[in-house]
Amino acid sequence: MIDILIQRYDRQLLIYLCILAVIGTIMLYSASWYESFASSNGKTDMLFLQNHLKRLLIGVVFLFSFILIDYRKLKEISPYLIIISLFLLIITKGYYLLNGYSWYKPARWLYFGSISFQTSDIARFSIIIFMAYYADKKRESLKGFQLGLLPALSVLTITMALIIIQPDYSTALMIGLIGIIILFIGGAKTSQLSLSCSGALLVGIPILLSREYRYNRVISWFGSWFGVNNHSDIGYQANESLKSLGNGGFFGVGLGNSIEKNHFLPTPHTDFIFAIIGEELGFVLGTVPVLTLFVLIFLRGLKISKKCTDPFGVFLSIGIAFNLVLYAFVNAAVVTGIFPVTGLQMPMVSYGGSGMVINMAMMGILLNISQSRRSVGGNRGWSPTLYA
């Protein structure tokens with residue numbers, strides 16, 4: 001039954017996704033068994049693996065659900081999705097403040113009994129859909145600023161601001177970048193987008209440096225490029241990550257044989273799991289194949305968007321494809337010291353709940369778009385900026 005169902009969809013994309021999920025599961029267990037053993041007082045080495053498999057199963061349910069639901073229905077609910085997302089972001093911060101926590105206390109998770117989720121992931125999902133909807137609806141007037149680009153930038157700015165105060169600066173930056181890419185593909189003027197981004201940087205950089213821990217991370221990162229490390233405590237995680245990659249070399253030390261995961265590299269199964277992949281499997285068998293899978297998924301996403309005749313589907317598939325590849329390569333850049341340390345995880349590989357479910361849902365939407373070749377009235381002959 002499943003074979004009959006999926007034969008209409010992009011098989012290559014599904015294969016790449018399955019391979020990535022399998023590699024992610026294997027490496028997550030390898031990276032987390034020591035921490036799991038310690039956290040459970042020696043009772044089990046599969047604590048994190050069990051949780052990961054549960055979340056992966058939920059993600060698969062969302063994947064197939066969005067495969068079965070026509071993606072065009074998302075246009076109808078996209079304004080409501082963004083409103084709900086903004087409301088959840090406000091509720092998240094308000095919940096922590098009402099419970100007596102400081103304004104600076106991280107407030108990223110919303111709890112409903114035993115269920116918790118990161119509201120910025122819901123916002124990321126909603127922004128991609130809303131920007132695709134808006135670019136489709138306003139594609140004739142998007143080149144104008146006041147009635148075209150400004151409303152979209154306003155929604156994007158409000159969403160980013162609510163995420164920054166959680167605080168989650170890196171996620172806000174990624175959401176803003178993905179939103180700008182969709183607007184650019186939709187036909188917004190490069191000059192207007194450039195000026196808007198320049199203005200955002202003038203405001204964003206002081207905000208970035210206003211918190212001591214972010215300032216120290218940036219200074220430590222700059223220092224590492226010149227062989228100086230004045231904040232060894234801040235740069236510890238990044239330094240251990242490079243040691244992990246260095247231990248692995250070209251062919252790795254062998255699956256399960258990482259030294260750094262044994263309480264030398266903090267959170268080896270979350271933000272820095274890519275370093276463990278490099279240490280155990282090496283450059284040739286680990287890091288390059290994993291990044292290649294992300295590139296292949298990205299290229300399939302672009303191919304799907306190119307074949308799609310519905311502008312909304314084009315914008316949506318491009319947003320989803322860029323979302324996945326940007327998160328993957330930013331995570332890899334952090335692990336290799338190219339970027340300063342952020343809290344961004346590697347999709348489908350790092351340990352995480354809401355991120356896994358949201359990413360699987362978006363892959364389901366992308367697979368849904370891949371089987372749709374129907375034109376929407378009045379869209380024949382249309383082409384996005386990317387293919388113009």
# chains A, B, ... in the order shown; residues from 1 in each chain; ligands from 1
>>> residues_around(residues="stretch 206-222 of chain A", least_positions_apart="5", cutoff="12 Å", atoms="only C-alpha atoms", output="count of residues only")
37
>>> residues_around(residues="A:Leu302", least_positions_apart="6", cutoff="8 Å", atoms="only C-alpha atoms", output="PyMOL selection string")
chain A and resi 317-318+321
>>> residues_around(residues="A:Thr159", least_positions_apart="2", cutoff="10 Å", atoms="only C-alpha atoms", output="JSON, numbers by chain")
{"A": [82, 83, 85, 86, 89, 90, 120, 123, 124, 127, 153, 154, 155, 156, 157, 161, 162, 163, 164, 172, 175, 176]}
>>> write_last_selection(atoms="N, CA and C atoms", output="PDB file, in the first residue's frame")
ATOM      1  N   ILE A  82       0.460  32.126  11.223  1.00  0.00           N
ATOM      2  CA  ILE A  82       1.409  33.134  11.704  1.00  0.00           C
ATOM      3  C   ILE A  82       0.876  33.816  12.960  1.00  0.00           C
ATOM      4  N   ILE A  83      -0.429  34.020  13.019  1.00  0.00           N
ATOM      5  CA  ILE A  83      -1.033  34.621  14.216  1.00  0.00           C
ATOM      6  C   ILE A  83      -0.870  33.698  15.417  1.00  0.00           C
ATOM      7  N   SER A  85       1.413  31.421  15.792  1.00  0.00           N
ATOM      8  CA  SER A  85       2.835  31.366  16.130  1.00  0.00           C
ATOM      9  C   SER A  85       3.257  32.564  16.982  1.00  0.00           C
ATOM     10  N   LEU A  86       2.796  33.754  16.590  1.00  0.00           N
ATOM     11  CA  LEU A  86       3.110  34.956  17.365  1.00  0.00           C
ATOM     12  C   LEU A  86       2.521  34.864  18.768  1.00  0.00           C
ATOM     13  N   LEU A  89       4.640  32.513  20.841  1.00  0.00           N
ATOM     14  CA  LEU A  89       5.904  33.149  21.238  1.00  0.00           C
ATOM     15  C   LEU A  89       5.692  34.091  22.419  1.00  0.00           C
ATOM     16  N   ILE A  90       4.597  34.844  22.367  1.00  0.00           N
ATOM     17  CA  ILE A  90       4.277  35.757  23.475  1.00  0.00           C
ATOM     18  C   ILE A  90       3.958  34.978  24.740  1.00  0.00           C
ATOM     19  N   SER A 120       9.790  28.527  18.738  1.00  0.00           N
ATOM     20  CA  SER A 120      10.475  29.122  17.589  1.00  0.00           C
ATOM     21  C   SER A 120      10.440  28.186  16.381  1.00  0.00           C
ATOM     22  N   ALA A 123       7.215  28.807  14.756  1.00  0.00           N
ATOM     23  CA  ALA A 123       7.310  30.080  14.038  1.00  0.00           C
ATOM     24  C   ALA A 123       8.068  29.916  12.721  1.00  0.00           C
ATOM     25  N   ARG A 124       9.128  29.118  12.725  1.00  0.00           N
ATOM     26  CA  ARG A 124       9.894  28.868  11.501  1.00  0.00           C
ATOM     27  C   ARG A 124       9.012  28.203  10.441  1.00  0.00           C
ATOM     28  N   ILE A 127       6.441  30.858   9.224  1.00  0.00           N
ATOM     29  CA  ILE A 127       7.030  31.921   8.411  1.00  0.00           C
ATOM     30  C   ILE A 127       7.269  31.446   6.983  1.00  0.00           C
ATOM     31  N   LEU A 153       7.908  42.337   5.524  1.00  0.00           N
ATOM     32  CA  LEU A 153       9.045  42.605   6.412  1.00  0.00           C
ATOM     33  C   LEU A 153       8.579  42.885   7.836  1.00  0.00           C
ATOM     34  N   SER A 154       7.412  43.507   7.970  1.00  0.00           N
ATOM     35  CA  SER A 154       6.875  43.797   9.303  1.00  0.00           C
ATOM     36  C   SER A 154       6.566  42.504  10.053  1.00  0.00           C
ATOM     37  N   VAL A 155       5.926  41.555   9.371  1.00  0.00           N
ATOM     38  CA  VAL A 155       5.616  40.261   9.988  1.00  0.00           C
ATOM     39  C   VAL A 155       6.911  39.545  10.365  1.00  0.00           C
ATOM     40  N   LEU A 156       7.876  39.594   9.450  1.00  0.00           N
ATOM     41  CA  LEU A 156       9.165  38.941   9.682  1.00  0.00           C
ATOM     42  C   LEU A 156       9.892  39.573  10.872  1.00  0.00           C
ATOM     43  N   THR A 157       9.870  40.902  10.953  1.00  0.00           N
ATOM     44  CA  THR A 157      10.550  41.619  12.031  1.00  0.00           C
ATOM     45  C   THR A 157       9.921  41.321  13.391  1.00  0.00           C
ATOM     46  N   ALA A 161      11.792  39.483  16.435  1.00  0.00           N
ATOM     47  CA  ALA A 161      11.937  40.195  17.710  1.00  0.00           C
ATOM     48  C   ALA A 161      11.455  39.340  18.876  1.00  0.00           C
ATOM     49  N   LEU A 162      10.330  38.644  18.692  1.00  0.00           N
ATOM     50  CA  LEU A 162       9.789  37.801  19.750  1.00  0.00           C
ATOM     51  C   LEU A 162      10.689  36.598  20.032  1.00  0.00           C
ATOM     52  N   ILE A 163      11.405  36.141  19.012  1.00  0.00           N
ATOM     53  CA  ILE A 163      12.346  35.026  19.207  1.00  0.00           C
ATOM     54  C   ILE A 163      13.631  35.517  19.857  1.00  0.00           C
ATOM     55  N   ILE A 164      14.075  36.713  19.475  1.00  0.00           N
ATOM     56  CA  ILE A 164      15.296  37.275  20.064  1.00  0.00           C
ATOM     57  C   ILE A 164      15.155  37.473  21.564  1.00  0.00           C
ATOM     58  N   ALA A 172      16.408  33.344  15.202  1.00  0.00           N
ATOM     59  CA  ALA A 172      15.785  34.534  14.614  1.00  0.00           C
ATOM     60  C   ALA A 172      16.502  34.944  13.333  1.00  0.00           C
ATOM     61  N   ILE A 175      15.604  32.483  10.510  1.00  0.00           N
ATOM     62  CA  ILE A 175      14.245  32.710  10.029  1.00  0.00           C
ATOM     63  C   ILE A 175      14.202  33.945   9.134  1.00  0.00           C
ATOM     64  N   GLY A 176      14.892  35.000   9.556  1.00  0.00           N
ATOM     65  CA  GLY A 176      14.946  36.208   8.739  1.00  0.00           C
ATOM     66  C   GLY A 176      15.593  35.953   7.391  1.00  0.00           C
TER      67      GLY A 176
END
>>> closest_residue(among="A:Leu150, A:Leu316, A:Ile77, A:Ile129", to="A:Leu366", atoms="only C-alpha atoms")
A:Leu316
>>> residues_around(residues="stretch 247-264 of chain A", least_positions_apart="2", cutoff="6 Å", atoms="only C-alpha atoms", output="list in words")
Ser30, Ser244, Leu245, Pro268, Gly278, Glu279, Glu280, Leu281, Gly282, Phe283 and Val284 of chain A
>>> write_last_selection(atoms="N, CA and C atoms", output="PDB file, in the first residue's frame")
ATOM      1  N   SER A  30      25.493   6.465  19.182  1.00  0.00           N
ATOM      2  CA  SER A  30      26.924   6.407  19.440  1.00  0.00           C
ATOM      3  C   SER A  30      27.402   7.612  20.254  1.00  0.00           C
ATOM      4  N   SER A 244      37.999  16.996  18.370  1.00  0.00           N
ATOM      5  CA  SER A 244      37.255  15.806  17.968  1.00  0.00           C
ATOM      6  C   SER A 244      37.434  15.533  16.481  1.00  0.00           C
ATOM      7  N   LEU A 245      37.297  16.576  15.667  1.00  0.00           N
ATOM      8  CA  LEU A 245      37.487  16.427  14.225  1.00  0.00           C
ATOM      9  C   LEU A 245      38.930  16.042  13.913  1.00  0.00           C
ATOM     10  N   PRO A 268      27.434  16.357  23.062  1.00  0.00           N
ATOM     11  CA  PRO A 268      27.900  15.755  21.816  1.00  0.00           C
ATOM     12  C   PRO A 268      26.778  15.193  20.951  1.00  0.00           C
ATOM     13  N   GLY A 278      32.559  13.244  12.609  1.00  0.00           N
ATOM     14  CA  GLY A 278      33.890  13.418  12.050  1.00  0.00           C
ATOM     15  C   GLY A 278      34.948  12.618  12.786  1.00  0.00           C
ATOM     16  N   GLU A 279      34.804  12.511  14.121  1.00  0.00           N
ATOM     17  CA  GLU A 279      35.801  11.780  14.905  1.00  0.00           C
ATOM     18  C   GLU A 279      35.707  10.273  14.674  1.00  0.00           C
ATOM     19  N   GLU A 280      34.478   9.758  14.631  1.00  0.00           N
ATOM     20  CA  GLU A 280      34.322   8.303  14.537  1.00  0.00           C
ATOM     21  C   GLU A 280      34.386   7.776  13.105  1.00  0.00           C
ATOM     22  N   LEU A 281      33.826   8.528  12.165  1.00  0.00           N
ATOM     23  CA  LEU A 281      33.791   8.058  10.776  1.00  0.00           C
ATOM     24  C   LEU A 281      34.794   8.770   9.884  1.00  0.00           C
ATOM     25  N   GLY A 282      35.299   9.905  10.335  1.00  0.00           N
ATOM     26  CA  GLY A 282      36.311  10.618   9.580  1.00  0.00           C
ATOM     27  C   GLY A 282      35.765  11.508   8.489  1.00  0.00           C
ATOM     28  N   PHE A 283      36.678  12.171   7.806  1.00  0.00           N
ATOM     29  CA  PHE A 283      36.326  13.105   6.740  1.00  0.00           C
ATOM     30  C   PHE A 283      35.729  12.381   5.536  1.00  0.00           C
ATOM     31  N   VAL A 284      36.334  11.258   5.154  1.00  0.00           N
ATOM     32  CA  VAL A 284      35.936  10.547   3.933  1.00  0.00           C
ATOM     33  C   VAL A 284      34.636   9.782   4.123  1.00  0.00           C
TER      34      VAL A 284
END
>>> select_by_dssp(residues="stretch 80-199 of chain A", states="strand (DSSP E)", output="number ranges by chain")
A: 109-112, 115-118
>>> write_last_selection(atoms="N, CA, C and O atoms", output="short mmCIF file (atom, residue, chain, number, x, y, z; two decimals), in the first residue's frame")
data_model
loop_
_atom_site.label_atom_id
_atom_site.label_comp_id
_atom_site.auth_asym_id
_atom_site.auth_seq_id
_atom_site.Cartn_x
_atom_site.Cartn_y
_atom_site.Cartn_z
N TRP A 109 10.81 27.08 25.60
CA TRP A 109 9.96 25.89 25.58
C TRP A 109 8.61 26.17 26.25
O TRP A 109 8.54 26.85 27.26
N LEU A 110 7.59 25.62 25.65
CA LEU A 110 6.24 25.71 26.20
C LEU A 110 5.81 24.31 26.63
O LEU A 110 5.97 23.35 25.87
N TYR A 111 5.28 24.20 27.83
CA TYR A 111 4.96 22.89 28.40
C TYR A 111 3.45 22.71 28.54
O TYR A 111 2.75 23.59 29.02
N PHE A 112 2.98 21.52 28.10
CA PHE A 112 1.60 21.10 28.32
C PHE A 112 1.65 19.72 28.94
O PHE A 112 1.68 18.70 28.24
N ILE A 115 4.19 17.05 27.67
CA ILE A 115 4.56 17.43 26.30
C ILE A 115 5.18 18.82 26.31
O ILE A 115 4.67 19.74 26.94
N SER A 116 6.29 18.97 25.61
CA SER A 116 6.93 20.28 25.48
C SER A 116 7.37 20.48 24.04
O SER A 116 7.66 19.51 23.33
N PHE A 117 7.41 21.72 23.60
CA PHE A 117 7.89 22.01 22.25
C PHE A 117 8.49 23.41 22.23
O PHE A 117 8.15 24.27 23.04
N GLN A 118 9.39 23.60 21.29
CA GLN A 118 10.07 24.88 21.13
C GLN A 118 9.26 25.74 20.18
O GLN A 118 9.10 25.42 19.01
#
>>> residues_around(residues="A:Ile358", least_positions_apart="6", cutoff="12 Å", atoms="only C-alpha atoms", output="ChimeraX atom specification")
/A:55-56,58-63,66,117-126,128,320,323-324,347-348,352,364-365
>>> write_last_selection(atoms="N, CA, C and O atoms", output="short mmCIF file (atom, residue, chain, number, x, y, z; two decimals), in the first residue's frame")
data_model
loop_
_atom_site.label_atom_id
_atom_site.label_comp_id
_atom_site.auth_asym_id
_atom_site.auth_seq_id
_atom_site.Cartn_x
_atom_site.Cartn_y
_atom_site.Cartn_z
N ARG A 55 10.39 10.41 18.89
CA ARG A 55 10.21 11.67 18.16
C ARG A 55 10.29 11.44 16.65
O ARG A 55 9.57 12.08 15.87
N LEU A 56 11.18 10.53 16.26
CA LEU A 56 11.29 10.21 14.84
C LEU A 56 10.00 9.57 14.33
O LEU A 56 9.55 9.87 13.22
N ILE A 58 6.96 10.08 15.56
CA ILE A 58 5.99 11.17 15.44
C ILE A 58 6.27 11.98 14.17
O ILE A 58 5.35 12.36 13.44
N GLY A 59 7.55 12.21 13.89
CA GLY A 59 7.92 12.93 12.69
C GLY A 59 7.49 12.20 11.43
O GLY A 59 7.02 12.84 10.47
N VAL A 60 7.62 10.88 11.41
CA VAL A 60 7.19 10.10 10.25
C VAL A 60 5.68 10.21 10.05
O VAL A 60 5.19 10.30 8.92
N VAL A 61 4.93 10.22 11.16
CA VAL A 61 3.47 10.41 11.07
C VAL A 61 3.15 11.76 10.42
O VAL A 61 2.29 11.85 9.54
N PHE A 62 3.84 12.81 10.85
CA PHE A 62 3.65 14.13 10.25
C PHE A 62 4.08 14.13 8.79
O PHE A 62 3.45 14.77 7.96
N LEU A 63 5.16 13.44 8.48
CA LEU A 63 5.65 13.35 7.10
C LEU A 63 4.56 12.81 6.18
O LEU A 63 4.23 13.43 5.16
N PHE A 66 1.38 15.09 5.82
CA PHE A 66 1.51 16.20 4.87
C PHE A 66 1.70 15.72 3.43
O PHE A 66 1.46 16.49 2.49
N PHE A 117 7.41 21.72 23.60
CA PHE A 117 7.89 22.01 22.25
C PHE A 117 8.49 23.41 22.23
O PHE A 117 8.15 24.27 23.04
N GLN A 118 9.39 23.60 21.29
CA GLN A 118 10.07 24.88 21.13
C GLN A 118 9.26 25.74 20.18
O GLN A 118 9.10 25.42 19.01
N THR A 119 8.74 26.85 20.67
CA THR A 119 7.81 27.65 19.88
C THR A 119 8.48 28.34 18.69
O THR A 119 7.80 28.67 17.72
N SER A 120 9.79 28.53 18.74
CA SER A 120 10.48 29.12 17.59
C SER A 120 10.44 28.19 16.38
O SER A 120 10.47 28.64 15.23
N ASP A 121 10.37 26.86 16.62
CA ASP A 121 10.24 25.91 15.52
C ASP A 121 8.89 26.04 14.84
O ASP A 121 8.78 25.94 13.61
N ILE A 122 7.85 26.26 15.64
CA ILE A 122 6.51 26.49 15.07
C ILE A 122 6.53 27.78 14.24
O ILE A 122 5.96 27.85 13.16
N ALA A 123 7.21 28.81 14.76
CA ALA A 123 7.31 30.08 14.04
C ALA A 123 8.07 29.92 12.72
O ALA A 123 7.69 30.52 11.71
N ARG A 124 9.13 29.12 12.72
CA ARG A 124 9.89 28.87 11.50
C ARG A 124 9.01 28.20 10.44
O ARG A 124 9.02 28.60 9.26
N PHE A 125 8.27 27.22 10.85
CA PHE A 125 7.34 26.52 9.96
C PHE A 125 6.31 27.49 9.39
O PHE A 125 6.05 27.52 8.18
N SER A 126 5.75 28.33 10.26
CA SER A 126 4.70 29.27 9.85
C SER A 126 5.24 30.36 8.93
O SER A 126 4.56 30.76 7.98
N ILE A 128 7.79 30.24 6.82
CA ILE A 128 8.05 29.71 5.48
C ILE A 128 6.75 29.62 4.68
O ILE A 128 6.68 30.02 3.52
N ILE A 320 11.62 25.58 1.94
CA ILE A 320 11.90 24.35 2.68
C ILE A 320 13.31 23.84 2.37
O ILE A 320 14.05 23.42 3.27
N ASN A 323 15.84 26.08 4.02
CA ASN A 323 15.77 25.88 5.46
C ASN A 323 16.65 24.71 5.88
O ASN A 323 17.46 24.82 6.81
N LEU A 324 16.52 23.59 5.20
CA LEU A 324 17.26 22.39 5.58
C LEU A 324 18.76 22.55 5.37
O LEU A 324 19.57 22.25 6.25
N PRO A 347 19.67 19.24 11.21
CA PRO A 347 18.38 18.60 10.96
C PRO A 347 18.50 17.09 10.75
O PRO A 347 19.44 16.62 10.11
N MET A 348 17.59 16.35 11.32
CA MET A 348 17.47 14.89 11.18
C MET A 348 18.58 14.12 11.88
O MET A 348 18.55 12.90 11.93
N GLY A 352 16.70 16.13 19.30
CA GLY A 352 15.74 17.21 19.48
C GLY A 352 14.35 16.76 19.10
O GLY A 352 14.19 15.87 18.26
N GLY A 364 7.52 16.36 4.22
CA GLY A 364 6.26 15.82 3.71
C GLY A 364 5.60 16.78 2.74
O GLY A 364 5.07 16.37 1.70
N ILE A 365 5.64 18.08 3.06
CA ILE A 365 5.10 19.10 2.15
C ILE A 365 5.88 19.10 0.84
O ILE A 365 5.30 19.18 -0.25
#
>>> atom_distance(atom1="atom CA of A:Ala275", atom2="atom CA of A:Leu291")
12.6 Å
>>> residues_around(residues="A:Ala328", least_positions_apart="4", cutoff="12 Å", atoms="only C-alpha atoms", output="number ranges by chain")
A: 20, 174, 271-274, 287, 290-295, 297-298, 321-324, 332-335, 344-350, 359
>>> write_last_selection(atoms="N, CA, C and O atoms", output="short mmCIF file (atom, residue, chain, number, x, y, z; two decimals), in the first residue's frame")
data_model
loop_
_atom_site.label_atom_id
_atom_site.label_comp_id
_atom_site.auth_asym_id
_atom_site.auth_seq_id
_atom_site.Cartn_x
_atom_site.Cartn_y
_atom_site.Cartn_z
N LEU A 20 19.59 9.65 5.55
CA LEU A 20 20.01 10.65 6.53
C LEU A 20 19.45 10.33 7.91
O LEU A 20 20.15 10.45 8.93
N MET A 174 18.24 33.02 11.31
CA MET A 174 17.97 32.04 10.26
C MET A 174 16.58 32.22 9.66
O MET A 174 16.40 32.13 8.44
N ASP A 271 24.03 19.86 19.62
CA ASP A 271 24.60 20.86 18.72
C ASP A 271 25.90 20.41 18.06
O ASP A 271 26.24 20.88 16.97
N PHE A 272 26.65 19.52 18.70
CA PHE A 272 27.98 19.16 18.20
C PHE A 272 28.09 17.69 17.78
O PHE A 272 29.17 17.12 17.79
N ILE A 273 26.98 17.11 17.37
CA ILE A 273 27.02 15.72 16.93
C ILE A 273 27.84 15.55 15.65
O ILE A 273 28.43 14.50 15.39
N PHE A 274 27.93 16.62 14.85
CA PHE A 274 28.71 16.57 13.62
C PHE A 274 30.19 16.33 13.92
O PHE A 274 30.90 15.69 13.14
N THR A 287 31.87 13.05 7.54
CA THR A 287 31.40 14.42 7.35
C THR A 287 31.03 14.73 5.89
O THR A 287 30.00 15.35 5.64
N VAL A 290 27.66 12.98 4.85
CA VAL A 290 26.49 13.60 5.51
C VAL A 290 26.15 14.93 4.84
O VAL A 290 24.99 15.21 4.50
N LEU A 291 27.16 15.77 4.63
CA LEU A 291 26.91 17.06 3.97
C LEU A 291 26.46 16.86 2.53
O LEU A 291 25.64 17.64 2.02
N THR A 292 26.96 15.82 1.87
CA THR A 292 26.53 15.53 0.49
C THR A 292 25.05 15.18 0.46
O THR A 292 24.33 15.59 -0.47
N LEU A 293 24.58 14.45 1.46
CA LEU A 293 23.15 14.12 1.53
C LEU A 293 22.31 15.39 1.63
O LEU A 293 21.26 15.50 0.98
N PHE A 294 22.74 16.34 2.43
CA PHE A 294 22.01 17.60 2.55
C PHE A 294 22.01 18.36 1.22
O PHE A 294 21.00 18.95 0.83
N VAL A 295 23.14 18.34 0.53
CA VAL A 295 23.21 19.01 -0.78
C VAL A 295 22.27 18.32 -1.78
O VAL A 295 21.57 19.00 -2.54
N ILE A 297 19.54 16.62 -1.11
CA ILE A 297 18.16 16.97 -0.75
C ILE A 297 17.84 18.39 -1.20
O ILE A 297 16.75 18.66 -1.73
N PHE A 298 18.79 19.29 -1.01
CA PHE A 298 18.61 20.68 -1.45
C PHE A 298 18.40 20.75 -2.96
O PHE A 298 17.49 21.45 -3.45
N ALA A 321 13.69 23.88 1.09
CA ALA A 321 15.02 23.40 0.69
C ALA A 321 16.12 24.24 1.33
O ALA A 321 17.10 23.69 1.86
N PHE A 322 15.97 25.56 1.29
CA PHE A 322 16.98 26.43 1.90
C PHE A 322 17.00 26.27 3.41
O PHE A 322 18.07 26.35 4.04
N ASN A 323 15.84 26.08 4.02
CA ASN A 323 15.77 25.88 5.46
C ASN A 323 16.65 24.71 5.88
O ASN A 323 17.46 24.82 6.81
N LEU A 324 16.52 23.59 5.20
CA LEU A 324 17.26 22.39 5.58
C LEU A 324 18.76 22.55 5.37
O LEU A 324 19.57 22.25 6.25
N ALA A 332 27.52 22.78 10.66
CA ALA A 332 28.85 22.29 10.30
C ALA A 332 29.89 23.40 10.41
O ALA A 332 31.03 23.15 10.82
N ALA A 333 29.51 24.62 10.05
CA ALA A 333 30.43 25.75 10.13
C ALA A 333 30.79 26.07 11.57
O ALA A 333 31.92 26.45 11.88
N VAL A 334 29.83 25.92 12.48
CA VAL A 334 30.09 26.15 13.90
C VAL A 334 31.05 25.08 14.44
O VAL A 334 32.02 25.38 15.14
N VAL A 335 30.79 23.83 14.08
CA VAL A 335 31.61 22.72 14.56
C VAL A 335 33.05 22.84 14.06
O VAL A 335 34.00 22.51 14.78
N LEU A 344 22.12 26.24 16.98
CA LEU A 344 21.43 25.59 15.87
C LEU A 344 21.87 24.14 15.73
O LEU A 344 23.06 23.83 15.76
N GLN A 345 20.90 23.26 15.58
CA GLN A 345 21.17 21.83 15.47
C GLN A 345 21.20 21.39 14.01
O GLN A 345 20.74 22.10 13.11
N MET A 346 21.72 20.19 13.80
CA MET A 346 21.76 19.63 12.45
C MET A 346 20.48 18.85 12.21
O MET A 346 20.18 17.88 12.93
N PRO A 347 19.67 19.24 11.21
CA PRO A 347 18.38 18.60 10.96
C PRO A 347 18.50 17.09 10.75
O PRO A 347 19.44 16.62 10.11
N MET A 348 17.59 16.35 11.32
CA MET A 348 17.47 14.89 11.18
C MET A 348 18.58 14.12 11.88
O MET A 348 18.55 12.90 11.93
N VAL A 349 19.58 14.81 12.39
CA VAL A 349 20.75 14.14 12.97
C VAL A 349 20.86 14.44 14.46
O VAL A 349 21.01 13.53 15.28
N SER A 350 20.79 15.71 14.84
CA SER A 350 20.92 16.10 16.25
C SER A 350 19.73 15.64 17.07
O SER A 350 18.61 15.47 16.55
N ASN A 359 10.78 19.54 10.85
CA ASN A 359 11.55 19.25 9.63
C ASN A 359 10.93 18.10 8.84
O ASN A 359 10.89 18.14 7.60
#
>>> select_by_dssp(residues="stretch 152-298 of chain A", states="alpha helix (DSSP H)", output="PyMOL selection string")
chain A and resi 152-164+169-185+190-210+212-225+236-248+273-282+288-298
